[in-house]
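Chemist: Here you go, final.txt (compact mmCIF, C-alpha atoms):
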```
# COMPACT_ATOMS: atom_id res chain seq x y z
CA SER K 26 -43.85 6.85 -13.10
CA VAL K 27 -40.86 9.16 -13.43
CA LYS K 28 -42.46 11.80 -11.17
CA ARG K 29 -42.28 9.44 -8.18
CA ILE K 30 -38.50 9.02 -8.41
CA LYS K 31 -36.84 10.72 -5.47
CA THR K 32 -33.20 11.71 -5.57
CA THR K 33 -31.09 12.63 -2.59
CA PRO K 34 -27.84 14.54 -2.82
CA LYS K 35 -24.73 12.83 -1.58
CA VAL K 36 -21.38 14.45 -0.92
CA ASN K 37 -18.50 12.69 -2.62
CA VAL K 38 -15.85 12.24 0.06
CA ASP K 39 -12.43 10.89 -0.70
CA GLU K 40 -11.82 7.83 1.49
CA LYS K 41 -8.45 9.17 2.58
CA ASP K 42 -10.01 12.49 3.60
CA ALA K 43 -12.73 10.69 5.55
CA VAL K 44 -10.17 8.57 7.41
CA LEU K 45 -8.06 11.65 8.12
CA ALA K 46 -11.06 13.54 9.49
CA ALA K 47 -12.00 10.58 11.71
CA LEU K 48 -8.42 10.33 13.00
CA LYS K 49 -8.32 14.04 13.81
CA GLU K 50 -11.63 13.81 15.67
CA GLU K 51 -10.45 10.77 17.61
CA LEU K 52 -7.18 12.53 18.43
CA ALA K 53 -9.04 15.58 19.74
CA GLN K 54 -11.20 13.36 21.97
CA LEU K 55 -8.16 11.52 23.34
CA LYS K 56 -6.39 14.79 24.12
CA GLN K 57 -9.50 16.16 25.79
CA HIS K 58 -9.75 13.04 27.94
CA MET K 59 -6.10 13.42 28.94
CA GLU K 60 -6.63 17.08 29.90
CA LYS K 61 -9.46 16.06 32.22
CA GLY K 62 -7.03 14.00 34.28
CA GLY K 63 -7.30 10.72 32.43
CA TYR K 64 -3.57 10.54 31.67
CA HIS K 65 -1.89 7.15 31.66
CA GLU K 66 0.88 5.67 29.55
CA GLU K 67 -1.40 3.59 27.33
CA LEU K 68 -3.49 6.64 26.45
CA ALA K 69 -0.35 8.67 25.71
CA GLN K 70 0.78 5.90 23.32
CA GLU K 71 -2.62 6.01 21.58
CA VAL K 72 -2.31 9.78 21.13
CA LYS K 73 1.21 9.40 19.76
CA GLU K 74 0.10 6.72 17.28
CA ARG K 75 -2.90 8.80 16.10
CA GLU K 76 -0.60 11.81 15.59
CA ARG K 77 1.78 9.64 13.54
CA LEU K 78 -1.06 8.31 11.37
CA THR K 79 -2.48 11.81 10.89
CA ALA K 80 0.92 13.13 9.80
CA GLU K 81 1.40 10.18 7.44
CA LEU K 82 -1.99 10.66 5.79
CA SER K 83 -1.45 14.43 5.53
CA GLN K 84 1.68 14.04 3.42
CA SER K 85 1.73 15.93 0.18
CA TYR K 86 1.52 14.10 -3.12
CA GLN K 87 5.17 14.94 -3.83
CA LYS K 88 6.27 13.42 -0.51
CA GLN K 89 4.26 10.27 -1.27
CA VAL K 90 6.00 9.99 -4.66
CA GLU K 91 9.40 10.39 -2.97
CA ASN K 92 8.51 7.66 -0.45
CA ALA K 93 7.36 5.35 -3.27
CA LYS K 94 10.64 5.88 -5.13
CA GLU K 95 12.60 5.11 -1.97
CA MET K 96 10.59 1.90 -1.47
CA MET K 97 11.24 0.94 -5.11
CA LYS K 98 14.99 1.34 -4.54
CA GLU K 99 14.77 -0.85 -1.44
CA ARG K 100 12.80 -3.48 -3.36
CA GLU K 101 15.36 -3.54 -6.18
CA LYS K 102 18.18 -3.78 -3.64
CA THR K 103 16.50 -6.72 -1.88
CA LEU K 104 15.82 -8.51 -5.16
CA ALA K 105 19.46 -8.01 -6.21
CA GLU K 106 20.66 -9.43 -2.88
CA HIS K 107 18.67 -12.58 -3.65
CA GLY K 108 20.00 -12.85 -7.20
CA LEU K 109 16.82 -11.50 -8.73
CA SER K 110 17.94 -8.20 -10.23
CA ALA K 111 16.41 -7.28 -13.57
CA GLU K 112 19.77 -7.70 -15.33
CA GLU K 113 20.43 -11.16 -13.87
CA MET K 114 16.94 -12.43 -14.64
CA ALA K 115 17.00 -11.11 -18.21
CA GLU K 116 20.34 -12.80 -18.81
CA MET K 117 19.29 -16.05 -17.12
CA MET K 118 15.88 -16.31 -18.87
CA GLY K 119 16.94 -14.98 -22.26
CA VAL K 120 14.48 -12.09 -22.33
CA GLU K 121 14.95 -8.38 -22.82
CA GLN K 122 15.84 -6.46 -19.68
CA GLN K 123 12.81 -4.19 -20.07
CA THR K 124 10.35 -7.12 -20.11
CA PRO K 125 7.93 -6.65 -17.20
CA TYR K 126 7.57 -9.50 -14.72
CA LEU K 127 5.89 -10.55 -11.50
CA VAL K 128 7.95 -12.22 -8.79
CA ASN K 129 6.82 -13.66 -5.47
CA VAL K 130 8.21 -12.20 -2.26
CA SER K 131 8.31 -14.11 1.00
CA SER K 132 9.90 -13.74 4.42
CA ASP K 133 11.07 -17.34 3.98
CA PRO K 134 14.35 -17.22 2.02
CA MET K 135 13.59 -20.64 0.49
CA LEU K 136 10.36 -19.31 -1.07
CA PHE K 137 11.59 -15.82 -1.99
CA GLY K 138 11.65 -15.37 -5.77
CA CYS K 139 10.87 -18.98 -6.66
CA LEU K 140 7.98 -17.89 -8.94
CA ILE K 141 8.66 -15.51 -11.80
CA TYR K 142 6.06 -14.63 -14.43
CA PHE K 143 7.13 -12.64 -17.49
CA VAL K 144 4.41 -10.47 -18.98
CA LYS K 145 4.36 -10.48 -22.78
CA ALA K 146 4.24 -7.09 -24.48
CA GLY K 147 1.06 -6.37 -26.40
CA VAL K 148 -0.79 -9.33 -24.89
CA ALA K 149 -3.53 -8.87 -22.28
CA THR K 150 -2.50 -10.69 -19.10
CA SER K 151 -4.95 -11.61 -16.38
CA VAL K 152 -4.11 -12.91 -12.91
CA GLY K 153 -6.60 -14.84 -10.81
CA SER K 154 -8.01 -18.18 -9.76
CA SER K 155 -10.09 -18.64 -12.92
CA LYS K 156 -8.90 -21.30 -15.36
CA GLU K 157 -9.21 -18.67 -18.11
CA SER K 158 -6.61 -16.42 -16.42
CA THR K 159 -3.22 -16.14 -18.07
CA ILE K 160 -1.56 -16.58 -14.67
CA VAL K 161 -3.62 -18.90 -12.47
CA LEU K 162 -3.24 -18.58 -8.70
CA SER K 163 -4.46 -21.16 -6.24
CA GLY K 164 -3.94 -22.06 -2.62
```
Before we go any further, please render this structure as structure tokens.
Modeler:
Amino acid sequence: SVKRIKTTPKVNVDEKDAVLAALKEELAQLKQHMEKGGYHEELAQEVKERERLTAELSQSYQKQVENAKEMMKEREKTLAEHGLSAEEMAEMMGVEQQTPYLVNVSSDPMLFGCLIYFVKAGVATSVGSSKESTIVLSG
């Protein structure tokens, strides 16, 4: 019956906070090991990498937004270098410049930007391997 149901409290922990706490604990252990005379170059590199990751994860929301905007500028620059700027594609495909699209990115210049999917406004678009998806991916 209902009286036999047992509930246990669980603390909701943000995944990022949990990873950050684990990194800080690991960093403290590495530093403690180094202080006890366990210094060597590989361990120093591990400490340096953990400090970098900790600093990266501790960034403020505003700093993360700034980094995202910078990455967006770089992406647009790279697409433009490959002839895939929003203006060029809109002109070439005969769609409005504000039409959202998906484009493939590859380290191989022959494959970079060879797939472009325009997303229709007001129409639900699904991406996946299912035959019912609007954009079907396979391979």
Chemist: As an exercise, work out the distance from atom CA of K:Lys73 to atom CA of K:His58 in Å and give it to one decimal place.
Modeler: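 Result for atom CA of K:Lys73 versus atom CA of K:His58: 14.2 Å, one decimal.
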Chemist: Taking all atoms listed in the file into account, name the residue in K:Leu136, K:Met114, K:Leu48, K:Leu162 that is nearest to K:Glu74.
Modeler: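 Ranked by minimum distance to K:Glu74, first place goes to K:Leu48.
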Chemist: List the spatial neighbours of K:Lys49 as a VMD selection string - criterion: any atom at most 8 Å away, all atoms listed in the file, same-chain residues fewer than 4 positions off excluded.
Modeler: chain K and resid 45 53 75 79
Chemist: Find the axis-aligned box for stretch 73-80 of chain K, covering all its listed atoms and adding 5 Å on each side, and write its centre and edge lengths in Å to one decimal as AutoDock Vina command-line options.
Modeler:
```
--center_x -0.6 --center_y 9.9 --center_z 14.8 --size_x 14.7 --size_y 16.4 --size_z 20.0
```
Chemist: Closest to K:Leu55 among K:Ala149, K:Ala43, K:Arg29, K:Glu71, using all atoms listed in the file?
Modeler: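 Of the candidates, the smallest distance to K:Leu55 is held by K:Glu71.
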Chemist: Restricting the calculation to all atoms listed in the file, which member of K:Leu82, K:Gln54, K:Tyr126, K:Arg77 is positioned closest to K:Glu40?
Modeler: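 Checking each of K:Leu82, K:Gln54, K:Tyr126, K:Arg77 against K:Glu40, counting all atoms listed in the file, the winner is K:Leu82.
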Chemist: For stretch 42-56 of chain K, where the input has fewer atoms than it should, I would like N, CA, C and O atoms rebuilt and written as a tab-separated table (two decimals), keeping the file's coordinate frame.
Modeler:
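Here's the written file out-v8.tsv:
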```
chain	number	residue	atom	x	y	z
K	42	ASP	N	-9.59	11.31	2.85
K	42	ASP	CA	-10.01	12.49	3.60
K	42	ASP	C	-10.94	12.11	4.74
K	42	ASP	O	-10.87	12.68	5.83
K	43	ALA	N	-11.81	11.14	4.51
K	43	ALA	CA	-12.73	10.69	5.55
K	43	ALA	C	-11.96	10.04	6.71
K	43	ALA	O	-12.25	10.30	7.88
K	44	VAL	N	-10.99	9.21	6.38
K	44	VAL	CA	-10.17	8.57	7.41
K	44	VAL	C	-9.38	9.61	8.18
K	44	VAL	O	-9.29	9.56	9.42
K	45	LEU	N	-8.83	10.58	7.48
K	45	LEU	CA	-8.06	11.65	8.12
K	45	LEU	C	-8.94	12.46	9.07
K	45	LEU	O	-8.53	12.76	10.19
K	46	ALA	N	-10.14	12.78	8.64
K	46	ALA	CA	-11.06	13.54	9.49
K	46	ALA	C	-11.43	12.73	10.74
K	46	ALA	O	-11.46	13.28	11.86
K	47	ALA	N	-11.66	11.44	10.57
K	47	ALA	CA	-12.00	10.58	11.71
K	47	ALA	C	-10.82	10.49	12.69
K	47	ALA	O	-11.01	10.52	13.91
K	48	LEU	N	-9.62	10.38	12.14
K	48	LEU	CA	-8.42	10.33	13.00
K	48	LEU	C	-8.25	11.62	13.79
K	48	LEU	O	-7.93	11.59	14.98
K	49	LYS	N	-8.46	12.75	13.13
K	49	LYS	CA	-8.32	14.04	13.81
K	49	LYS	C	-9.36	14.18	14.92
K	49	LYS	O	-9.05	14.69	16.01
K	50	GLU	N	-10.57	13.74	14.66
K	50	GLU	CA	-11.63	13.81	15.67
K	50	GLU	C	-11.29	12.90	16.86
K	50	GLU	O	-11.43	13.30	18.02
K	51	GLU	N	-10.83	11.72	16.56
K	51	GLU	CA	-10.45	10.77	17.61
K	51	GLU	C	-9.29	11.32	18.43
K	51	GLU	O	-9.27	11.21	19.66
K	52	LEU	N	-8.32	11.94	17.77
K	52	LEU	CA	-7.18	12.53	18.43
K	52	LEU	C	-7.61	13.65	19.37
K	52	LEU	O	-7.14	13.75	20.50
K	53	ALA	N	-8.53	14.49	18.91
K	53	ALA	CA	-9.04	15.58	19.74
K	53	ALA	C	-9.73	15.04	20.99
K	53	ALA	O	-9.55	15.57	22.09
K	54	GLN	N	-10.51	13.96	20.82
K	54	GLN	CA	-11.20	13.36	21.97
K	54	GLN	C	-10.21	12.76	22.96
K	54	GLN	O	-10.37	12.90	24.18
K	55	LEU	N	-9.17	12.10	22.45
K	55	LEU	CA	-8.16	11.52	23.34
K	55	LEU	C	-7.43	12.61	24.12
K	55	LEU	O	-7.20	12.47	25.33
K	56	LYS	N	-7.08	13.69	23.45
K	56	LYS	CA	-6.39	14.79	24.12
K	56	LYS	C	-7.29	15.44	25.17
K	56	LYS	O	-6.83	15.80	26.26
```
